[in-house]
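Source file: final-v4.txt. Holds: compact mmCIF, C-alpha atoms.
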```
# COMPACT_ATOMS: atom_id res chain seq x y z
CA MET W 1 0.00 0.00 0.00
CA ILE W 2 1.24 3.46 -0.95
CA GLN W 3 0.41 6.41 1.30
CA PHE W 4 -0.63 9.14 -1.11
CA GLY W 5 -0.34 12.75 -0.04
CA LEU W 6 -0.65 16.29 -1.29
CA ARG W 7 1.60 19.30 -1.45
CA LEU W 8 -0.32 21.36 1.09
CA HIS W 9 0.09 24.71 -0.65
CA ASP W 10 -1.75 23.20 -3.65
CA ALA W 11 -4.84 22.61 -1.48
CA GLU W 12 -7.76 25.00 -1.09
CA LYS W 13 -6.71 28.10 0.86
CA LEU W 14 -8.48 27.76 4.22
CA PRO W 15 -7.60 28.20 7.89
CA LEU W 16 -5.18 25.41 8.72
CA PRO W 17 -7.43 23.02 10.73
CA GLU W 18 -10.16 23.29 8.10
CA GLN W 19 -7.65 22.90 5.26
CA LEU W 20 -6.26 19.74 6.83
CA ARG W 21 -9.71 18.25 7.38
CA THR W 22 -10.54 18.89 3.72
CA VAL W 23 -7.32 17.23 2.54
CA ARG W 24 -8.00 14.19 4.71
CA GLU W 25 -11.62 13.98 3.54
CA GLN W 26 -10.35 13.87 -0.05
CA GLY W 27 -8.53 10.66 0.87
CA PHE W 28 -4.94 11.84 1.37
CA THR W 29 -2.96 10.56 4.35
CA CYS W 30 0.10 12.82 4.28
CA VAL W 31 1.31 16.22 3.09
CA HIS W 32 4.39 18.05 1.88
CA LEU W 33 4.59 21.13 4.12
CA ALA W 34 6.34 24.37 3.16
CA LEU W 35 5.78 26.60 6.18
CA SER W 36 6.21 29.88 4.31
CA LYS W 37 3.53 28.96 1.74
CA ILE W 38 0.67 28.23 4.15
CA GLN W 39 -1.77 30.87 5.36
CA GLY W 40 -1.12 31.70 9.00
CA LEU W 41 2.22 29.86 9.23
CA THR W 42 5.78 31.17 9.15
CA ALA W 43 9.26 29.83 8.49
CA ASP W 44 11.05 32.68 10.29
CA LEU W 45 13.94 31.23 12.26
CA SER W 46 12.96 32.97 15.47
CA ALA W 47 9.50 31.40 15.24
CA LEU W 48 10.67 27.78 14.97
CA THR W 49 10.17 27.05 18.65
CA PRO W 50 9.30 23.75 20.33
CA GLY W 51 5.84 25.12 21.09
CA TYR W 52 5.20 25.89 17.41
CA ALA W 53 6.37 22.42 16.40
CA MET W 54 4.22 20.70 19.01
CA TYR W 55 1.17 22.77 18.07
CA LEU W 56 1.53 21.77 14.42
CA LYS W 57 2.17 18.15 15.36
CA ARG W 58 -1.08 18.09 17.32
CA VAL W 59 -3.12 19.80 14.58
CA PHE W 60 -1.87 17.44 11.88
CA ALA W 61 -2.38 14.39 14.10
CA ASP W 62 -5.93 15.49 14.88
CA ALA W 63 -6.59 15.60 11.14
CA GLY W 64 -5.08 12.14 10.64
CA LEU W 65 -2.25 13.41 8.42
CA ASP W 66 1.47 12.69 8.44
CA ILE W 67 3.94 15.41 7.52
CA ALA W 68 5.85 13.45 4.90
CA VAL W 69 8.17 16.30 3.92
CA LEU W 70 9.09 19.56 5.63
CA GLY W 71 10.35 21.60 2.72
CA ASN W 72 13.40 23.90 2.87
CA TYR W 73 14.44 24.42 -0.74
CA LEU W 74 17.47 26.71 -0.47
CA ASN W 75 20.62 26.93 -2.56
CA LEU W 76 23.61 25.18 -1.01
CA ALA W 77 25.85 26.00 -3.97
CA THR W 78 25.57 29.78 -3.94
CA PRO W 79 28.96 31.53 -4.27
CA ASP W 80 27.76 34.22 -1.83
CA GLU W 81 29.38 33.16 1.44
CA ALA W 82 26.99 35.15 3.62
CA ALA W 83 23.97 33.70 1.84
CA LEU W 84 25.43 30.21 2.12
CA LYS W 85 25.91 30.52 5.87
CA ALA W 86 22.36 31.88 6.22
CA ASN W 87 20.98 28.98 4.16
CA GLN W 88 22.90 26.42 6.21
CA GLU W 89 21.53 27.99 9.38
CA LYS W 90 17.99 27.70 7.97
CA TYR W 91 18.60 24.03 7.25
CA ARG W 92 19.83 23.55 10.80
CA ALA W 93 16.72 25.24 12.18
CA HIS W 94 14.38 23.17 9.98
CA LEU W 95 16.13 19.94 10.96
CA ARG W 96 15.79 20.81 14.65
CA PHE W 97 12.13 21.76 14.07
CA ALA W 98 11.47 18.52 12.17
CA SER W 99 12.83 16.50 15.10
CA LEU W 100 10.07 17.94 17.30
CA LEU W 101 7.42 17.99 14.58
CA GLY W 102 7.81 14.34 13.64
CA ALA W 103 8.25 15.07 9.93
CA GLY W 104 9.35 12.18 7.76
CA VAL W 105 12.15 14.10 6.04
CA VAL W 106 13.40 17.62 5.52
CA GLY W 107 13.34 17.97 1.75
CA THR W 108 15.53 20.01 -0.56
CA GLU W 109 16.75 20.26 -4.12
CA THR W 110 20.42 20.69 -5.02
CA GLY W 111 20.74 24.23 -6.31
CA ASN W 112 22.84 25.96 -8.93
CA PRO W 113 26.31 27.51 -8.65
CA ASN W 114 25.13 31.12 -8.82
CA THR W 115 23.32 33.60 -6.60
CA GLY W 116 20.14 33.55 -8.69
CA TYR W 117 19.49 29.80 -8.33
CA GLN W 118 19.27 29.68 -12.13
CA TYR W 119 20.18 26.79 -14.40
CA ASP W 120 23.36 27.53 -16.36
CA PRO W 121 24.22 24.98 -19.09
CA GLU W 122 27.90 25.88 -18.76
CA THR W 123 28.28 25.39 -15.02
CA SER W 124 25.30 23.70 -13.36
CA HIS W 125 26.28 20.18 -14.45
CA SER W 126 30.01 20.66 -13.97
CA ASP W 127 32.19 18.60 -11.67
CA GLU W 128 33.15 21.81 -9.85
CA ALA W 129 29.52 22.55 -9.04
CA LEU W 130 29.04 19.01 -7.71
CA GLU W 131 32.13 19.31 -5.51
CA THR W 132 30.87 22.61 -4.11
CA PHE W 133 27.45 21.17 -3.38
CA ILE W 134 28.88 18.13 -1.59
CA LYS W 135 31.21 20.30 0.48
CA ASN W 136 28.38 22.60 1.55
CA LEU W 137 25.93 19.75 2.10
CA ARG W 138 28.21 17.84 4.45
CA PRO W 139 27.74 20.05 7.54
CA VAL W 140 23.97 20.05 6.97
CA VAL W 141 23.95 16.25 6.97
CA ASN W 142 26.04 16.33 10.14
CA ASP W 143 23.25 18.41 11.69
CA ALA W 144 20.67 15.89 10.46
CA GLU W 145 22.60 13.14 12.23
CA ARG W 146 22.74 15.12 15.48
CA PHE W 147 18.99 15.75 15.43
CA GLY W 148 18.12 12.23 14.30
CA VAL W 149 16.35 13.52 11.20
CA ILE W 150 16.52 12.48 7.54
CA LEU W 151 17.57 15.08 4.97
CA ALA W 152 16.32 14.07 1.54
CA ILE W 153 17.68 15.60 -1.66
CA GLU W 154 15.60 15.73 -4.82
CA PRO W 155 17.49 15.29 -8.11
CA VAL W 156 16.29 17.76 -10.79
CA TRP W 157 17.58 18.02 -14.34
CA ARG W 158 18.07 21.79 -14.16
CA HIS W 159 20.05 21.59 -10.91
CA ILE W 160 23.48 20.30 -9.92
CA VAL W 161 22.31 16.78 -9.07
CA TYR W 162 20.50 16.19 -12.34
CA SER W 163 20.71 12.42 -12.82
CA PRO W 164 20.52 9.17 -10.86
CA GLU W 165 24.25 8.74 -11.32
CA ARG W 166 25.01 12.16 -9.80
CA ALA W 167 22.69 11.39 -6.89
CA ARG W 168 24.51 8.11 -6.30
CA THR W 169 27.82 9.99 -6.22
CA VAL W 170 26.52 12.38 -3.57
CA LEU W 171 25.16 9.55 -1.43
CA ASP W 172 28.42 7.65 -1.64
CA GLU W 173 30.59 10.71 -0.93
CA ILE W 174 28.55 11.80 2.12
CA ASN W 175 28.02 8.20 3.28
CA SER W 176 25.35 8.88 5.89
CA PRO W 177 22.14 6.99 6.69
CA ASN W 178 20.54 10.39 7.36
CA LEU W 179 20.92 11.46 3.70
CA GLN W 180 18.24 9.99 1.46
CA ILE W 181 16.36 10.72 -1.78
CA ILE W 182 13.07 12.26 -2.86
CA PHE W 183 12.33 10.53 -6.16
CA ASP W 184 10.46 12.83 -8.56
CA PRO W 185 10.51 11.02 -11.92
CA VAL W 186 9.48 14.02 -14.03
CA ASN W 187 12.20 16.18 -12.49
CA LEU W 188 14.83 13.83 -13.97
CA LEU W 189 13.69 14.64 -17.51
CA ASP W 190 14.44 17.27 -20.12
CA GLU W 191 14.04 17.40 -23.88
CA SER W 192 17.07 15.14 -24.38
CA ASN W 193 15.76 12.15 -22.43
CA ALA W 194 11.97 12.51 -22.22
CA ASP W 195 11.50 9.99 -25.03
CA THR W 196 13.53 7.38 -23.13
CA ARG W 197 12.05 8.22 -19.73
CA GLU W 198 11.32 4.61 -18.75
CA GLU W 199 15.04 3.88 -18.96
CA VAL W 200 15.78 6.96 -16.83
CA PHE W 201 13.25 5.87 -14.22
CA GLU W 202 14.57 2.30 -14.19
CA THR W 203 18.12 3.56 -13.68
CA ALA W 204 16.99 5.77 -10.79
CA MET W 205 15.09 2.98 -9.09
CA ASN W 206 18.01 0.57 -9.46
CA LEU W 207 20.77 2.97 -8.38
CA LEU W 208 18.88 4.70 -5.58
CA GLU W 209 16.56 1.95 -4.35
CA LYS W 210 17.82 1.78 -0.78
CA GLU W 211 17.80 5.55 -0.25
CA ILE W 212 14.47 6.52 -1.84
CA ALA W 213 12.44 7.80 1.11
CA VAL W 214 9.64 9.76 -0.59
CA ILE W 215 8.14 9.86 -4.09
CA HIS W 216 6.73 12.94 -5.82
CA LEU W 217 4.11 12.41 -8.52
CA LYS W 218 3.15 14.86 -11.26
CA ASP W 219 2.56 14.73 -15.02
CA PHE W 220 3.65 16.46 -18.20
CA LYS W 221 2.77 16.54 -21.89
CA ALA W 222 5.49 15.82 -24.42
CA GLU W 223 4.44 18.60 -26.77
CA THR W 224 4.72 21.30 -24.10
CA GLY W 225 7.86 19.92 -22.42
CA VAL W 226 8.77 18.77 -18.95
CA THR W 227 8.84 22.26 -17.46
CA SER W 228 5.08 22.55 -17.99
CA CYS W 229 3.70 20.16 -15.38
CA MET W 230 0.22 19.21 -14.25
CA ALA W 231 -1.70 16.82 -12.03
CA ALA W 232 -1.18 13.08 -12.43
CA GLY W 233 -3.39 11.58 -15.11
CA LEU W 234 -3.60 14.70 -17.28
CA GLY W 235 -0.46 14.14 -19.34
CA ASP W 236 1.74 11.49 -20.92
CA MET W 237 3.29 9.82 -17.86
CA ASP W 238 2.96 6.07 -17.40
CA TYR W 239 3.27 5.51 -13.64
CA ARG W 240 3.05 1.73 -13.64
CA SER W 241 6.76 1.00 -13.19
CA ILE W 242 7.01 3.60 -10.42
CA LEU W 243 3.94 2.39 -8.55
CA ARG W 244 5.05 -1.23 -8.95
CA PHE W 245 8.45 -0.32 -7.49
CA ALA W 246 6.74 1.42 -4.58
CA LYS W 247 4.41 -1.50 -3.87
CA GLU W 248 7.13 -4.14 -4.10
CA LYS W 249 10.12 -2.34 -2.59
CA LYS W 250 8.73 0.49 -0.45
CA PRO W 251 5.59 -0.60 1.46
CA PHE W 252 3.68 2.34 2.95
CA ILE W 253 6.02 4.91 1.40
CA HIS W 254 4.81 8.52 1.31
CA ALA W 255 4.05 9.58 -2.27
CA THR W 256 2.91 13.19 -2.52
CA LEU W 257 1.12 14.65 -5.52
CA GLU W 258 2.38 17.89 -7.07
CA ASN W 259 0.97 20.47 -9.50
CA THR W 260 -2.61 19.65 -8.60
CA ARG W 261 -5.38 22.21 -8.14
CA PRO W 262 -8.15 22.02 -5.53
CA GLU W 263 -10.62 20.97 -8.21
CA ASN W 264 -8.54 18.08 -9.61
CA ALA W 265 -6.52 16.75 -6.66
CA GLN W 266 -9.05 14.06 -5.72
CA GLN W 267 -9.36 12.99 -9.35
CA ALA W 268 -5.56 12.59 -9.57
CA LEU W 269 -5.57 10.56 -6.37
CA GLU W 270 -8.26 8.20 -7.64
CA TYR W 271 -6.39 7.78 -10.93
CA LEU W 272 -3.24 6.71 -9.10
CA ARG W 273 -5.11 4.46 -6.68
CA GLN W 274 -6.79 2.63 -9.55
CA LEU W 275 -3.43 2.15 -11.25
CA GLU W 276 -1.93 0.86 -8.00
CA ALA W 277 -4.80 -1.59 -7.54
CA SER W 278 -4.34 -2.94 -11.06
CA LEU W 279 -0.71 -3.94 -10.49
```

In structure tokens, how does this file's structure come out?
Amino acid sequence: MIQFGLRLHDAEKLPLPEQLRTVREQGFTCVHLALSKIQGLTADLSALTPGYAMYLKRVFADAGLDIAVLGNYLNLATPDEAALKANQEKYRAHLRFASLLGAGVVGTETGNPNTGYQYDPETSHSDEALETFIKNLRPVVNDAERFGVILAIEPVWRHIVYSPERARTVLDEINSPNLQIIFDPVNLLDESNADTREEVFETAMNLLEKEIAVIHLKDFKAETGVTSCMAAGLGDMDYRSILRFAKEKKPFIHATLENTRPENAQQALEYLRQLEASL
């Protein structure tokens, strides 16, 4: 059984307890939480107190929802030293907060080697960028170990860790059980490999099997490209290999839907559940 969830900031904008009840009534059992994107919540460092964490833990538990991912998507490869230190401090604070909140993982992507967090074909996929990311990631993973929390990186084509092979390199270099993977199949694609996507997905599932902690699910249409994404079931994705992997290798894994809208989230969930049941 897969535990399907929703990116909470894609849900209907309501006061938090009501929003959570609505998400649960739609059939979801977990959420991806980005504190700064939810009405009435904050990600300010000074606000990340034990009381705040325990309040949220109680509210989510009352609604019957797990917090699968606490998001903190900041650039760990920025060349701005002051910004880097500030970002690392925000990771530290989110990891500490997650230890009290009971979040499954603190989730992040892997950045770009510039201050604008912009994909650069000349530098983003370079060995130098990867070395910088690993160096700057290491102290964050050390913090994750101290707090007993999992940090999960999400490979994305337009970022430094753009392929399953690069993700495997990072995992091996850091060599920590507290560093794991958010597997977003569509994020591994671009125009050069979208036509062979099943091979890309198979490589990711083989290379990263042990470390995949969370799955993200969204869709895309080939004619509009992988940067134009939508709810599962509305595009060209075939999820059968991914759902089969989850059922066979990752029982009860959190799999959160992305790029849904309030009016189609439940439809996307039912589509995926029917596919899962058919396998």

Determine, for each residue of region 240-270 of chain W having at least one atom at most 12 Å from an atom of region 13-36 of chain W, the closest pair of atoms and their separation in Å to one decimal, counting all atoms listed in the file; order by chain and ascending number, as a tab-separated table.
```
residue	atom	partner	partner_atom	distance
W:Phe252	CA	W:Thr29	CA	10.7
W:Ile253	CA	W:Cys30	CA	10.3
W:His254	CA	W:Cys30	CA	7.0
W:Ala255	CA	W:Cys30	CA	8.3
W:Thr256	CA	W:Val31	CA	6.6
W:Leu257	CA	W:Val31	CA	8.8
W:Glu258	CA	W:His32	CA	9.2
W:Arg261	CA	W:Lys13	CA	10.8
W:Pro262	CA	W:Lys13	CA	8.9
W:Glu263	CA	W:Gln26	CA	10.8
W:Asn264	CA	W:Gln26	CA	10.6
W:Ala265	CA	W:Gln26	CA	8.2
W:Gln266	CA	W:Gln26	CA	5.8
W:Gln267	CA	W:Gln26	CA	9.4
W:Ala268	CA	W:Gln26	CA	10.7
W:Leu269	CA	W:Gly27	CA	7.8
W:Glu270	CA	W:Gly27	CA	8.9
```

- prompt: What's the 9 Å shell around Glu89 (chain W), counting all atoms listed in the file, without same-chain residues fewer than 4 positions away, as a PyMOL selection string?
  reply: chain W and resi 45+84-85+93-94+140

message: So that I can see what lies close to Lys135 (chain W), please list as a list in words the residues with an atom at most 12 Å from it, counting only C-alpha atoms and leaving out residues fewer than 4 positions away in the same chain.
response: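 In the requested form, the answer reads Leu76, Ala77, Thr78, Leu84, Gln88, Glu128, Ala129, Leu130, Glu131, Pro139, Val140, Val141, Asn142, Val170, Glu173 and Ile174 of chain W.
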
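Here CA of Glu223 (chain W) is placed at a distance of 28.5 Å from CA of Thr108 (chain W).
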
message: Between CA of Phe4 (chain W) and CA of Thr169 (chain W), what distance in Å does the model show, to one decimal?
response: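 Going from CA of Phe4 (chain W) over to CA of Thr169 (chain W) covers 28.9 Å.
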